[in-house]
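> PDB, C-alpha atoms, file query-v4.pdb:
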MODEL        1
ATOM      1  CA  MET A 164       0.000   0.000   0.000
ATOM      2  CA  ALA A 165       1.389   3.396  -1.006
ATOM      3  CA  GLU A 166       1.277   6.685   0.834
ATOM      4  CA  SER A 167      -0.330   9.553  -1.040
ATOM      5  CA  GLY A 168       1.207  12.973  -1.562
ATOM      6  CA  GLU A 169       4.163  12.308  -3.861
ATOM      7  CA  PRO A 170       3.930  12.367  -7.656
ATOM      8  CA  GLY A 171       2.460   9.134  -8.937
ATOM      9  CA  GLN A 172       1.286   8.008  -5.517
ATOM     10  CA  THR A 173      -2.370   8.702  -6.230
ATOM     11  CA  GLU A 174      -2.002   6.466  -9.295
ATOM     12  CA  SER A 175      -0.511   3.703  -7.117
ATOM     13  CA  LEU A 176      -3.378   4.031  -4.653
ATOM     14  CA  VAL A 177      -5.984   3.836  -7.417
ATOM     15  CA  ALA A 178      -4.257   0.716  -8.781
ATOM     16  CA  ALA A 179      -4.349  -0.870  -5.316
ATOM     17  CA  ILE A 180      -8.010   0.091  -4.902
ATOM     18  CA  ALA A 181      -8.768  -1.576  -8.252
ATOM     19  CA  ASP A 182      -7.527  -4.784  -6.611
ATOM     20  CA  GLY A 183      -9.814  -4.287  -3.604
ATOM     21  CA  ASP A 184      -7.272  -2.784  -1.174
ATOM     22  CA  LYS A 185      -9.341  -1.065   1.514
ATOM     23  CA  ALA A 186      -6.288   0.319   3.302
ATOM     24  CA  ALA A 187      -5.262   2.118   0.088
ATOM     25  CA  PHE A 188      -8.805   3.452  -0.156
ATOM     26  CA  GLU A 189      -8.537   4.895   3.351
ATOM     27  CA  VAL A 190      -5.196   6.566   2.525
ATOM     28  CA  LEU A 191      -6.706   8.063  -0.623
ATOM     29  CA  TYR A 192      -9.739   9.286   1.323
ATOM     30  CA  ARG A 193      -7.591  11.013   3.928
ATOM     31  CA  SER A 194      -5.407  12.701   1.310
ATOM     32  CA  LEU A 195      -8.189  13.939  -0.975
ATOM     33  CA  GLU A 196     -11.142  14.425   1.348
ATOM     34  CA  THR A 197     -10.432  18.076   2.171
ATOM     35  CA  PRO A 198      -9.700  19.384  -1.357
ATOM     36  CA  LEU A 199     -12.581  17.388  -2.839
ATOM     37  CA  TYR A 200     -15.008  18.644  -0.216
ATOM     38  CA  ARG A 201     -13.883  22.246  -0.819
ATOM     39  CA  PHE A 202     -14.263  21.738  -4.560
ATOM     40  CA  ILE A 203     -17.846  20.501  -4.176
ATOM     41  CA  ARG A 204     -18.841  22.814  -1.332
ATOM     42  CA  LEU A 205     -17.710  25.963  -3.140
ATOM     43  CA  ARG A 206     -20.043  25.134  -6.010
ATOM     44  CA  LEU A 207     -23.072  23.874  -4.088
ATOM     45  CA  ASN A 208     -22.866  25.985  -0.926
ATOM     46  CA  ASP A 209     -24.756  23.234   0.920
ATOM     47  CA  PRO A 210     -22.696  21.283   3.495
ATOM     48  CA  HIS A 211     -24.981  18.235   3.709
ATOM     49  CA  ARG A 212     -25.446  17.826  -0.014
ATOM     50  CA  SER A 213     -21.724  18.395  -0.537
ATOM     51  CA  ALA A 214     -20.948  15.589   1.942
ATOM     52  CA  ASP A 215     -23.365  13.275   0.111
ATOM     53  CA  ILE A 216     -21.803  14.027  -3.251
ATOM     54  CA  MET A 217     -18.308  13.485  -1.895
ATOM     55  CA  HIS A 218     -19.491  10.127  -0.515
ATOM     56  CA  ASP A 219     -20.758   9.195  -3.991
ATOM     57  CA  VAL A 220     -17.461  10.280  -5.547
ATOM     58  CA  PHE A 221     -15.477   7.941  -3.283
ATOM     59  CA  LEU A 222     -17.907   5.082  -3.908
ATOM     60  CA  GLU A 223     -17.428   5.598  -7.648
ATOM     61  CA  ILE A 224     -13.641   5.546  -7.172
ATOM     62  CA  TRP A 225     -13.981   2.240  -5.326
ATOM     63  CA  ARG A 226     -16.231   0.724  -7.973
ATOM     64  CA  ASN A 227     -14.453   2.049 -11.053
ATOM     65  CA  ALA A 228     -10.780   2.216 -10.074
ATOM     66  CA  GLY A 229     -10.178  -0.701 -12.434
ATOM     67  CA  SER A 230     -11.405   1.365 -15.367
ATOM     68  CA  PHE A 231      -8.816   4.120 -14.785
ATOM     69  CA  ARG A 232      -6.454   3.810 -17.749
ATOM     70  CA  GLY A 233      -4.106   6.689 -16.997
ATOM     71  CA  GLN A 234      -5.372   8.967 -19.772
ATOM     72  CA  SER A 235      -4.929  11.818 -17.262
ATOM     73  CA  ASN A 236      -3.331  11.779 -13.817
ATOM     74  CA  ALA A 237      -5.416  10.038 -11.177
ATOM     75  CA  ARG A 238      -6.116  13.237  -9.239
ATOM     76  CA  THR A 239      -7.566  14.860 -12.364
ATOM     77  CA  TRP A 240      -9.677  11.747 -12.993
ATOM     78  CA  ILE A 241     -11.060  11.940  -9.452
ATOM     79  CA  PHE A 242     -11.847  15.666  -9.603
ATOM     80  CA  ALA A 243     -13.543  15.125 -12.976
ATOM     81  CA  ILE A 244     -15.832  12.549 -11.303
ATOM     82  CA  ALA A 245     -16.688  15.167  -8.673
ATOM     83  CA  TRP A 246     -17.309  17.787 -11.338
ATOM     84  CA  ARG A 247     -19.748  15.483 -13.198
ATOM     85  CA  LYS A 248     -21.640  14.726 -10.008
ATOM     86  CA  VAL A 249     -21.909  18.413  -9.144
ATOM     87  CA  MET A 250     -23.215  19.119 -12.663
ATOM     88  CA  ASP A 251     -25.762  16.290 -12.245
ATOM     89  CA  ALA A 252     -26.873  17.851  -8.965
ATOM     90  CA  PHE A 253     -27.332  21.183 -10.718
ATOM     91  CA  ARG A 254     -29.407  19.580 -13.463
ATOM     92  CA  GLN A 255     -31.581  17.684 -10.981
ATOM     93  CA  SER A 256     -32.290  20.869  -9.053
ATOM     94  CA  ASP A 257     -33.015  22.799 -12.282
ATOM     95  CA  LYS A 258     -30.376  25.335 -11.352
ATOM     96  CA  VAL A 259     -28.933  27.286 -14.235
ATOM     97  CA  VAL A 260     -25.611  25.806 -15.265
ATOM     98  CA  TYR A 261     -22.901  28.412 -15.546
ATOM     99  CA  GLN A 262     -22.394  30.205 -18.815
ATOM    100  CA  GLU A 263     -19.401  32.435 -19.468
ATOM    101  CA  THR A 264     -20.841  35.925 -19.209
ATOM    102  CA  LEU A 265     -17.820  38.151 -18.822
ATOM    103  CA  PRO A 266     -17.137  40.435 -21.742
ATOM    104  CA  GLU A 267     -13.822  39.775 -23.462
ATOM    105  CA  GLN A 268     -12.526  43.185 -22.460
ATOM    106  CA  ILE A 269     -12.974  44.352 -18.894
ATOM    107  CA  ASP A 270     -11.744  47.557 -17.395
ATOM    108  CA  ASP A 271      -8.416  46.501 -15.915
ATOM    109  CA  THR A 272      -7.127  49.932 -15.079
ATOM    110  CA  THR A 273      -5.671  49.564 -11.606
ATOM    111  CA  ASP A 274      -3.501  51.602  -9.315
ATOM    112  CA  ALA A 275      -0.442  49.462  -8.526
ATOM    113  CA  GLU A 276       0.495  51.007  -5.176
ATOM    114  CA  GLY A 277      -3.056  51.038  -3.830
ATOM    115  CA  THR A 278      -3.667  47.477  -5.056
ATOM    116  CA  ILE A 279      -0.536  46.123  -3.400
ATOM    117  CA  ALA A 280      -1.346  47.938  -0.160
ATOM    118  CA  ALA A 281      -4.871  46.496  -0.138
ATOM    119  CA  ALA A 282      -3.559  43.012  -0.970
ATOM    120  CA  GLU A 283      -1.464  43.053   2.214
ATOM    121  CA  ASP A 284      -4.708  43.173   4.191
ATOM    122  CA  SER A 285      -5.932  39.567   4.230
ATOM    123  CA  ARG A 286      -9.474  40.680   5.092
ATOM    124  CA  ALA A 287      -9.573  42.823   1.950
ATOM    125  CA  VAL A 288      -8.359  39.915  -0.178
ATOM    126  CA  ARG A 289     -10.953  37.556   1.332
ATOM    127  CA  ASP A 290     -13.689  40.104   0.794
ATOM    128  CA  CYS A 291     -12.702  40.411  -2.874
ATOM    129  CA  LEU A 292     -12.629  36.610  -3.214
ATOM    130  CA  LYS A 293     -16.190  36.429  -1.866
ATOM    131  CA  ARG A 294     -17.335  38.862  -4.544
ATOM    132  CA  LEU A 295     -16.175  36.597  -7.369
ATOM    133  CA  SER A 296     -18.735  34.477  -9.200
ATOM    134  CA  THR A 297     -18.701  30.778  -8.348
ATOM    135  CA  GLU A 298     -16.849  29.992 -11.571
ATOM    136  CA  HIS A 299     -14.175  32.610 -11.035
ATOM    137  CA  ARG A 300     -13.759  31.562  -7.420
ATOM    138  CA  MET A 301     -13.442  27.964  -8.569
ATOM    139  CA  ALA A 302     -10.769  29.012 -11.073
ATOM    140  CA  MET A 303      -8.787  30.656  -8.265
ATOM    141  CA  GLU A 304      -9.362  27.631  -6.034
ATOM    142  CA  LEU A 305      -8.130  25.045  -8.540
ATOM    143  CA  THR A 306      -5.135  27.223  -9.409
ATOM    144  CA  PHE A 307      -4.045  28.272  -5.934
ATOM    145  CA  PHE A 308      -5.501  25.746  -3.463
ATOM    146  CA  ASP A 309      -5.215  22.592  -5.548
ATOM    147  CA  GLU A 310      -2.261  24.016  -7.524
ATOM    148  CA  MET A 311      -3.350  22.411 -10.774
ATOM    149  CA  SER A 312      -2.076  23.143 -14.267
ATOM    150  CA  TYR A 313      -4.438  24.743 -16.776
ATOM    151  CA  SER A 314      -4.484  21.488 -18.763
ATOM    152  CA  ASP A 315      -5.598  19.518 -15.672
ATOM    153  CA  ILE A 316      -8.307  22.083 -14.914
ATOM    154  CA  ALA A 317      -9.483  21.887 -18.529
ATOM    155  CA  ALA A 318      -9.705  18.085 -18.265
ATOM    156  CA  ILE A 319     -11.705  18.333 -15.037
ATOM    157  CA  VAL A 320     -14.308  20.855 -16.160
ATOM    158  CA  GLY A 321     -14.392  19.678 -19.777
ATOM    159  CA  VAL A 322     -13.514  22.941 -21.520
ATOM    160  CA  PRO A 323     -10.628  23.908 -23.829
ATOM    161  CA  GLU A 324      -7.370  24.987 -22.186
ATOM    162  CA  GLY A 325      -7.782  28.457 -23.670
ATOM    163  CA  THR A 326     -11.078  28.848 -21.826
ATOM    164  CA  VAL A 327      -9.405  27.942 -18.531
ATOM    165  CA  LYS A 328      -6.596  30.460 -19.079
ATOM    166  CA  SER A 329      -9.136  33.112 -20.012
ATOM    167  CA  ARG A 330     -11.300  32.339 -16.952
ATOM    168  CA  VAL A 331      -8.342  32.495 -14.558
ATOM    169  CA  PHE A 332      -7.168  35.689 -16.267
ATOM    170  CA  HIS A 333     -10.585  37.308 -15.767
ATOM    171  CA  ALA A 334     -10.694  36.191 -12.143
ATOM    172  CA  LYS A 335      -7.261  37.724 -11.619
ATOM    173  CA  GLN A 336      -8.315  40.987 -13.288
ATOM    174  CA  LEU A 337     -11.459  41.143 -11.131
ATOM    175  CA  MET A 338      -9.363  40.618  -8.003
ATOM    176  CA  LEU A 339      -6.935  43.357  -9.070
ATOM    177  CA  ARG A 340      -9.797  45.738  -9.785
ATOM    178  CA  CYS A 341     -11.519  44.980  -6.466
ATOM    179  CA  LEU A 342      -8.276  45.439  -4.514
ATOM    180  CA  SER A 343      -7.466  48.608  -6.440
ATOM    181  CA  ALA A 344     -10.862  50.035  -5.451
ATOM    182  CA  LYS A 345     -10.218  49.115  -1.812
ATOM    183  CA  GLY A 346      -6.767  50.711  -2.026
ATOM    184  CA  ALA A 347      -8.249  53.860  -3.518
ATOM    185  CA  ALA A 348     -10.940  53.985  -0.812
ATOM    186  CA  ARG A 349      -8.235  53.652   1.801
ATOM    187  CA  GLY A 350      -6.248  56.492   0.189
ATOM    188  CA  ASP A 351      -9.336  58.716   0.262
ATOM    189  CA  LYS A 352      -9.722  58.151   4.019
ATOM    190  CA  THR A 353      -6.131  59.164   4.797
TER     191      THR A 353
ATOM    192  CA  MET B 597      -0.419  46.781 -13.693
ATOM    193  CA  GLY B 598       1.419  44.761 -16.309
ATOM    194  CA  ASP B 599      -0.461  46.698 -19.010
ATOM    195  CA  GLY B 600       2.459  46.570 -21.444
ATOM    196  CA  VAL B 601       2.692  42.780 -21.251
ATOM    197  CA  PRO B 602       1.022  40.550 -23.889
ATOM    198  CA  LYS B 603      -2.193  38.942 -22.668
ATOM    199  CA  GLU B 604      -0.752  35.456 -23.261
ATOM    200  CA  ILE B 605       1.954  36.170 -20.685
ATOM    201  CA  SER B 606      -0.492  37.702 -18.218
ATOM    202  CA  GLU B 607      -2.729  34.610 -18.575
ATOM    203  CA  LEU B 608       0.175  32.370 -17.618
ATOM    204  CA  LEU B 609       1.152  34.367 -14.519
ATOM    205  CA  PRO B 610      -1.103  32.452 -12.040
ATOM    206  CA  PHE B 611       0.330  29.165 -13.334
ATOM    207  CA  TYR B 612       3.862  30.553 -13.070
ATOM    208  CA  LEU B 613       3.077  31.152  -9.414
ATOM    209  CA  ASN B 614       1.675  27.652  -8.796
ATOM    210  CA  GLY B 615       4.663  26.060 -10.565
ATOM    211  CA  THR B 616       2.790  24.108 -13.255
ATOM    212  CA  LEU B 617       4.142  25.726 -16.448
ATOM    213  CA  ASP B 618       6.396  23.833 -18.815
ATOM    214  CA  ASP B 619       9.948  25.090 -19.318
ATOM    215  CA  GLY B 620       9.207  27.233 -22.397
ATOM    216  CA  GLU B 621       6.220  28.964 -20.807
ATOM    217  CA  TRP B 622       8.083  29.455 -17.535
ATOM    218  CA  LYS B 623      10.997  31.144 -19.330
ATOM    219  CA  SER B 624       8.628  33.470 -21.255
ATOM    220  CA  VAL B 625       6.948  34.637 -18.050
ATOM    221  CA  ASP B 626      10.241  34.882 -16.172
ATOM    222  CA  HIS B 627      11.704  37.056 -18.921
ATOM    223  CA  ALA B 628       8.642  39.342 -18.903
ATOM    224  CA  LEU B 629       8.881  39.648 -15.116
ATOM    225  CA  ALA B 630      12.507  40.740 -15.385
ATOM    226  CA  THR B 631      11.573  43.594 -17.698
ATOM    227  CA  ASP B 632       8.135  44.739 -16.505
ATOM    228  CA  ALA B 633       7.639  46.265 -13.061
ATOM    229  CA  GLY B 634       3.855  46.207 -13.461
ATOM    230  CA  LEU B 635       3.885  42.451 -13.975
ATOM    231  CA  ARG B 636       6.056  42.052 -10.864
ATOM    232  CA  ALA B 637       3.497  44.073  -8.894
ATOM    233  CA  GLU B 638       0.748  41.798 -10.251
ATOM    234  CA  LEU B 639       2.698  38.744  -9.104
ATOM    235  CA  ALA B 640       3.058  40.253  -5.623
ATOM    236  CA  VAL B 641      -0.718  40.702  -5.418
ATOM    237  CA  LEU B 642      -1.307  37.160  -6.680
ATOM    238  CA  ARG B 643       0.928  35.812  -3.895
ATOM    239  CA  GLN B 644      -1.395  37.439  -1.370
ATOM    240  CA  VAL B 645      -4.440  36.053  -3.184
ATOM    241  CA  ARG B 646      -2.921  32.567  -3.103
ATOM    242  CA  THR B 647      -2.291  32.847   0.635
ATOM    243  CA  ALA B 648      -5.866  33.993   1.197
ATOM    244  CA  VAL B 649      -7.265  31.106  -0.863
ATOM    245  CA  GLN B 650      -5.108  28.552   0.936
ATOM    246  CA  THR B 651      -6.073  29.776   4.398
ATOM    247  CA  ASP B 652      -9.749  30.422   3.727
ATOM    248  CA  ASP B 653     -12.018  28.107   5.705
ATOM    249  CA  VAL B 654     -15.058  26.958   3.726
ATOM    250  CA  GLY B 655     -16.346  24.652   6.469
ATOM    251  CA  ARG B 656     -15.310  21.340   7.929
ATOM    252  CA  SER B 657     -15.262  18.286   5.722
ATOM    253  CA  PRO B 658     -16.932  15.045   6.950
ATOM    254  CA  GLY B 659     -13.573  13.593   8.143
ATOM    255  CA  ASP B 660     -13.700  10.326  10.082
ATOM    256  CA  LEU B 661     -17.494  10.231  10.035
ATOM    257  CA  GLY B 662     -17.434  10.331   6.250
ATOM    258  CA  LEU B 663     -14.879   7.532   6.167
ATOM    259  CA  ALA B 664     -16.939   5.405   8.555
ATOM    260  CA  ARG B 665     -20.007   5.887   6.365
ATOM    261  CA  LEU B 666     -18.022   4.822   3.305
ATOM    262  CA  GLN B 667     -16.595   1.772   5.063
ATOM    263  CA  ARG B 668     -20.106   0.734   6.078
ATOM    264  CA  ASP B 669     -21.280   0.966   2.469
ATOM    265  CA  LEU B 670     -18.211  -0.840   1.161
ATOM    266  CA  ALA B 671     -18.850  -3.701   3.540
ATOM    267  CA  ARG B 672     -22.276  -4.073   1.947
ATOM    268  CA  GLU B 673     -20.879  -4.554  -1.487
ATOM    269  CA  ALA B 674     -18.192  -7.228  -1.575
ATOM    270  CA  LYS B 675     -15.751  -6.361  -4.300
ATOM    271  CA  PRO B 676     -14.421  -9.365  -6.240
ATOM    272  CA  SER B 677     -10.676  -9.358  -6.842
ATOM    273  CA  TRP B 678      -9.182  -9.746 -10.329
ATOM    274  CA  LYS B 679      -8.523 -13.403  -9.551
ATOM    275  CA  ALA B 680     -12.190 -13.903  -8.809
ATOM    276  CA  ARG B 681     -13.146 -12.057 -11.973
ATOM    277  CA  ILE B 682     -10.880 -14.304 -14.073
ATOM    278  CA  ALA B 683     -12.278 -17.354 -12.291
ATOM    279  CA  SER B 684     -15.827 -16.219 -13.027
ATOM    280  CA  VAL B 685     -15.034 -15.793 -16.725
ATOM    281  CA  ALA B 686     -13.450 -19.261 -16.772
ATOM    282  CA  ALA B 687     -16.435 -20.698 -14.927
ATOM    283  CA  ALA B 688     -18.800 -19.125 -17.446
ATOM    284  CA  PHE B 689     -16.751 -20.658 -20.251
ATOM    285  CA  VAL B 690     -16.831 -24.109 -18.650
ATOM    286  CA  LEU B 691     -20.550 -23.798 -18.019
ATOM    287  CA  GLY B 692     -21.136 -22.810 -21.626
ATOM    288  CA  ALA B 693     -18.981 -25.660 -22.907
ATOM    289  CA  GLY B 694     -20.747 -28.129 -20.610
ATOM    290  CA  LEU B 695     -24.176 -26.999 -21.671
ATOM    291  CA  SER B 696     -23.304 -27.244 -25.341
ATOM    292  CA  ALA B 697     -21.906 -30.727 -24.743
ATOM    293  CA  LEU B 698     -25.203 -31.735 -23.126
ATOM    294  CA  VAL B 699     -27.439 -30.162 -25.712
ATOM    295  CA  THR B 700     -25.590 -30.649 -28.994
ATOM    296  CA  PRO B 701     -25.800 -34.493 -29.273
ATOM    297  CA  ARG B 702     -29.620 -34.341 -29.223
ATOM    298  CA  PHE B 703     -29.533 -32.480 -32.522
ATOM    299  CA  VAL B 704     -26.811 -34.512 -34.147
ATOM    300  CA  GLN B 705     -28.201 -36.687 -36.898
ATOM    301  CA  ASP B 706     -25.098 -38.574 -37.948
ATOM    302  CA  PRO B 707     -23.309 -40.779 -35.341
ATOM    303  CA  ALA B 708     -20.071 -39.867 -37.064
ATOM    304  CA  ASP B 709     -20.532 -36.274 -35.775
ATOM    305  CA  TYR B 710     -19.864 -37.187 -32.147
ATOM    306  CA  ILE B 711     -17.222 -39.154 -30.300
ATOM    307  CA  GLN B 712     -17.792 -41.220 -27.193
ATOM    308  CA  ALA B 713     -15.969 -39.995 -24.097
ATOM    309  CA  GLY B 714     -14.123 -43.264 -23.823
ATOM    310  CA  ALA B 715     -12.924 -43.196 -27.431
ATOM    311  CA  PRO B 716      -9.271 -42.370 -28.179
ATOM    312  CA  VAL B 717      -8.677 -38.618 -28.649
ATOM    313  CA  THR B 718      -7.378 -37.418 -31.989
ATOM    314  CA  GLY B 719      -6.681 -33.871 -33.226
ATOM    315  CA  LYS B 720      -6.497 -30.693 -31.071
ATOM    316  CA  GLN B 721      -7.687 -30.587 -27.456
ATOM    317  CA  LEU B 722      -8.827 -27.685 -25.267
ATOM    318  CA  VAL B 723      -7.924 -28.145 -21.606
ATOM    319  CA  VAL B 724      -9.468 -25.848 -18.962
ATOM    320  CA  ALA B 725      -7.613 -25.827 -15.624
ATOM    321  CA  PHE B 726      -8.068 -23.919 -12.351
ATOM    322  CA  ARG B 727      -5.432 -22.691  -9.914
ATOM    323  CA  PRO B 728      -5.192 -25.064  -6.935
ATOM    324  CA  GLU B 729      -6.161 -22.271  -4.517
ATOM    325  CA  ALA B 730      -9.371 -21.396  -6.407
ATOM    326  CA  THR B 731     -12.413 -21.890  -4.189
ATOM    327  CA  ALA B 732     -15.552 -23.707  -5.247
ATOM    328  CA  GLN B 733     -17.370 -20.401  -5.261
ATOM    329  CA  GLN B 734     -14.833 -18.898  -7.655
ATOM    330  CA  ILE B 735     -14.953 -21.930  -9.952
TER     331      ILE B 735
ENDMDL
END
For the file at hand, write its structure as structure tokens.


Amino acid sequence: MAESGEPGQTESLVAAIADGDKAAFEVLYRSLETPLYRFIRLRLNDPHRSADIMHDVFLEIWRNAGSFRGQSNARTWIFAIAWRKVMDAFRQSDKVVYQETLPEQIDDTTDAEGTIAAAEDSRAVRDCLKRLSTEHRMAMELTFFDEMSYSDIAAIVGVPEGTVKSRVFHAKQLMLRCLSAKGAARGDKT
Amino acid sequence: MGDGVPKEISELLPFYLNGTLDDGEWKSVDHALATDAGLRAELAVLRQVRTAVQTDDVGRSPGDLGLARLQRDLAREAKPSWKARIASVAAAFVLGAGLSALVTPRFVQDPADYIQAGAPVTGKQLVVAFRPEATAQQI
């Protein structure tokens, strides 16, 4: 049984799970439970439903580990399962599935000094993060919490790599604009 | 901030920070950072954003309770190993062969089309064997 955390270890765990190794399953659960739960929770904003979906994701890993062929890395395969289940939950609840709505060009004029000053205040950064749409927040989350490449993110959410780069770029620009406004507001007070 | 930098470089900046770019992309962004103060300021802000994302609490995950629930459900569905799966395929083959052996003679018109079990064997033979450790259930 392998420990998770090093490159290729998730693949080893999935291979062991395919052979019915429950200890490997427990190791995988403990290593991926937190990021998977965050991933689901940030989209659904419902703790109980998020827990249920995560449960279903792990059951699917257990049942289908043998079908993992290594087309992507195992972590990407697992997050893609979670993504599909979240999308199914959206469809069942008749919620509107996200459509890209940002215009191609957004006003990205920002004041560097004010933005940097605001960014040093963690409360200001968190407040700006909360103002992002779910999709833009998710883009930030996958990039900075899960530290995934744009190609892995594209494989998970099923969109072209260019769309991922564009989405992360827009999220970044929105954060810069929000922090710039906070910096400017701060400057006005002093 | 970073206004003079091509959009393609600016798009790669978050992935430069999380260390997932390939060598060529990494060098492009690194070169742009060396020459553009605005892009460096953008990177400094992104570092703060990354810290905020990584330390933001979105609520507690199910933890041990979630694992216990999974283990309970796994116990309900016994997962056959690959050995058992191979054994089941072999068993299905043997069953199929046995059934055809039982049924086929009834439709044979010419005695020359079948051979008695005690008759000497000529031509090719198909032998199906099981591993000694295979259980009756697997077979």

> Could you tell me which residues the PyMOL selection byres ((chain A and resi 287-299) around 7) returns for this structure, as a list in words?

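Selected by the PyMOL selection byres ((chain A and resi 287-299) around 7) here: Arg206, Ala281, Ala282, Asp284, Ser285, Arg286, Arg300, Met301, Ala302, Met303, Arg330, Val331, Ala334, Met338, Cys341 and Leu342 of chain A; Val645 and Ala648 of chain B.
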
> Enumerate, as a ChimeraX atom specification, the residues matched when the PyMOL selection byres ((chain B) within 7 of (chain A)) is run on the file above.

/B:597,607,611,614,616,637,641,644-646,648-650,654,657-658,666,675,677-678

> Go ahead and save the residues from that selection, with C-alpha atoms, as a PDB file, in the coordinates of the input.


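Generated file (out22.pdb):
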ATOM      1  CA  MET B 597      -0.419  46.781 -13.693  1.00  0.00           C
ATOM      2  CA  GLU B 607      -2.729  34.610 -18.575  1.00  0.00           C
ATOM      3  CA  PHE B 611       0.330  29.165 -13.334  1.00  0.00           C
ATOM      4  CA  ASN B 614       1.675  27.652  -8.796  1.00  0.00           C
ATOM      5  CA  THR B 616       2.790  24.108 -13.255  1.00  0.00           C
ATOM      6  CA  ALA B 637       3.497  44.073  -8.894  1.00  0.00           C
ATOM      7  CA  VAL B 641      -0.718  40.702  -5.418  1.00  0.00           C
ATOM      8  CA  GLN B 644      -1.395  37.439  -1.370  1.00  0.00           C
ATOM      9  CA  VAL B 645      -4.440  36.053  -3.184  1.00  0.00           C
ATOM     10  CA  ARG B 646      -2.921  32.567  -3.103  1.00  0.00           C
ATOM     11  CA  ALA B 648      -5.866  33.993   1.197  1.00  0.00           C
ATOM     12  CA  VAL B 649      -7.265  31.106  -0.863  1.00  0.00           C
ATOM     13  CA  GLN B 650      -5.108  28.552   0.936  1.00  0.00           C
ATOM     14  CA  VAL B 654     -15.058  26.958   3.726  1.00  0.00           C
ATOM     15  CA  SER B 657     -15.262  18.286   5.722  1.00  0.00           C
ATOM     16  CA  PRO B 658     -16.932  15.045   6.950  1.00  0.00           C
ATOM     17  CA  LEU B 666     -18.022   4.822   3.305  1.00  0.00           C
ATOM     18  CA  LYS B 675     -15.751  -6.361  -4.300  1.00  0.00           C
ATOM     19  CA  SER B 677     -10.676  -9.358  -6.842  1.00  0.00           C
ATOM     20  CA  TRP B 678      -9.182  -9.746 -10.329  1.00  0.00           C
TER      21      TRP B 678
END

> What is the CA of Ala683 in chain B-CA of Arg232 in chain A distance in Å, reported with one decimal?

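Going from CA of Ala683 in chain B over to CA of Arg232 in chain A covers 22.6 Å.
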
> What would the selection look like, as a PyMOL selection string, if the PyMOL selection byres ((chain A and resi 242) around 10) were run on the coordinates I just shared?

chain A and resi 195+198-199+202-203+220+237-241+243-248+315-316+318-320

> Take CA of Leu176 in chain A and CA of Gly655 in chain B and report the distance between them in Å, one decimal.

26.8 Å
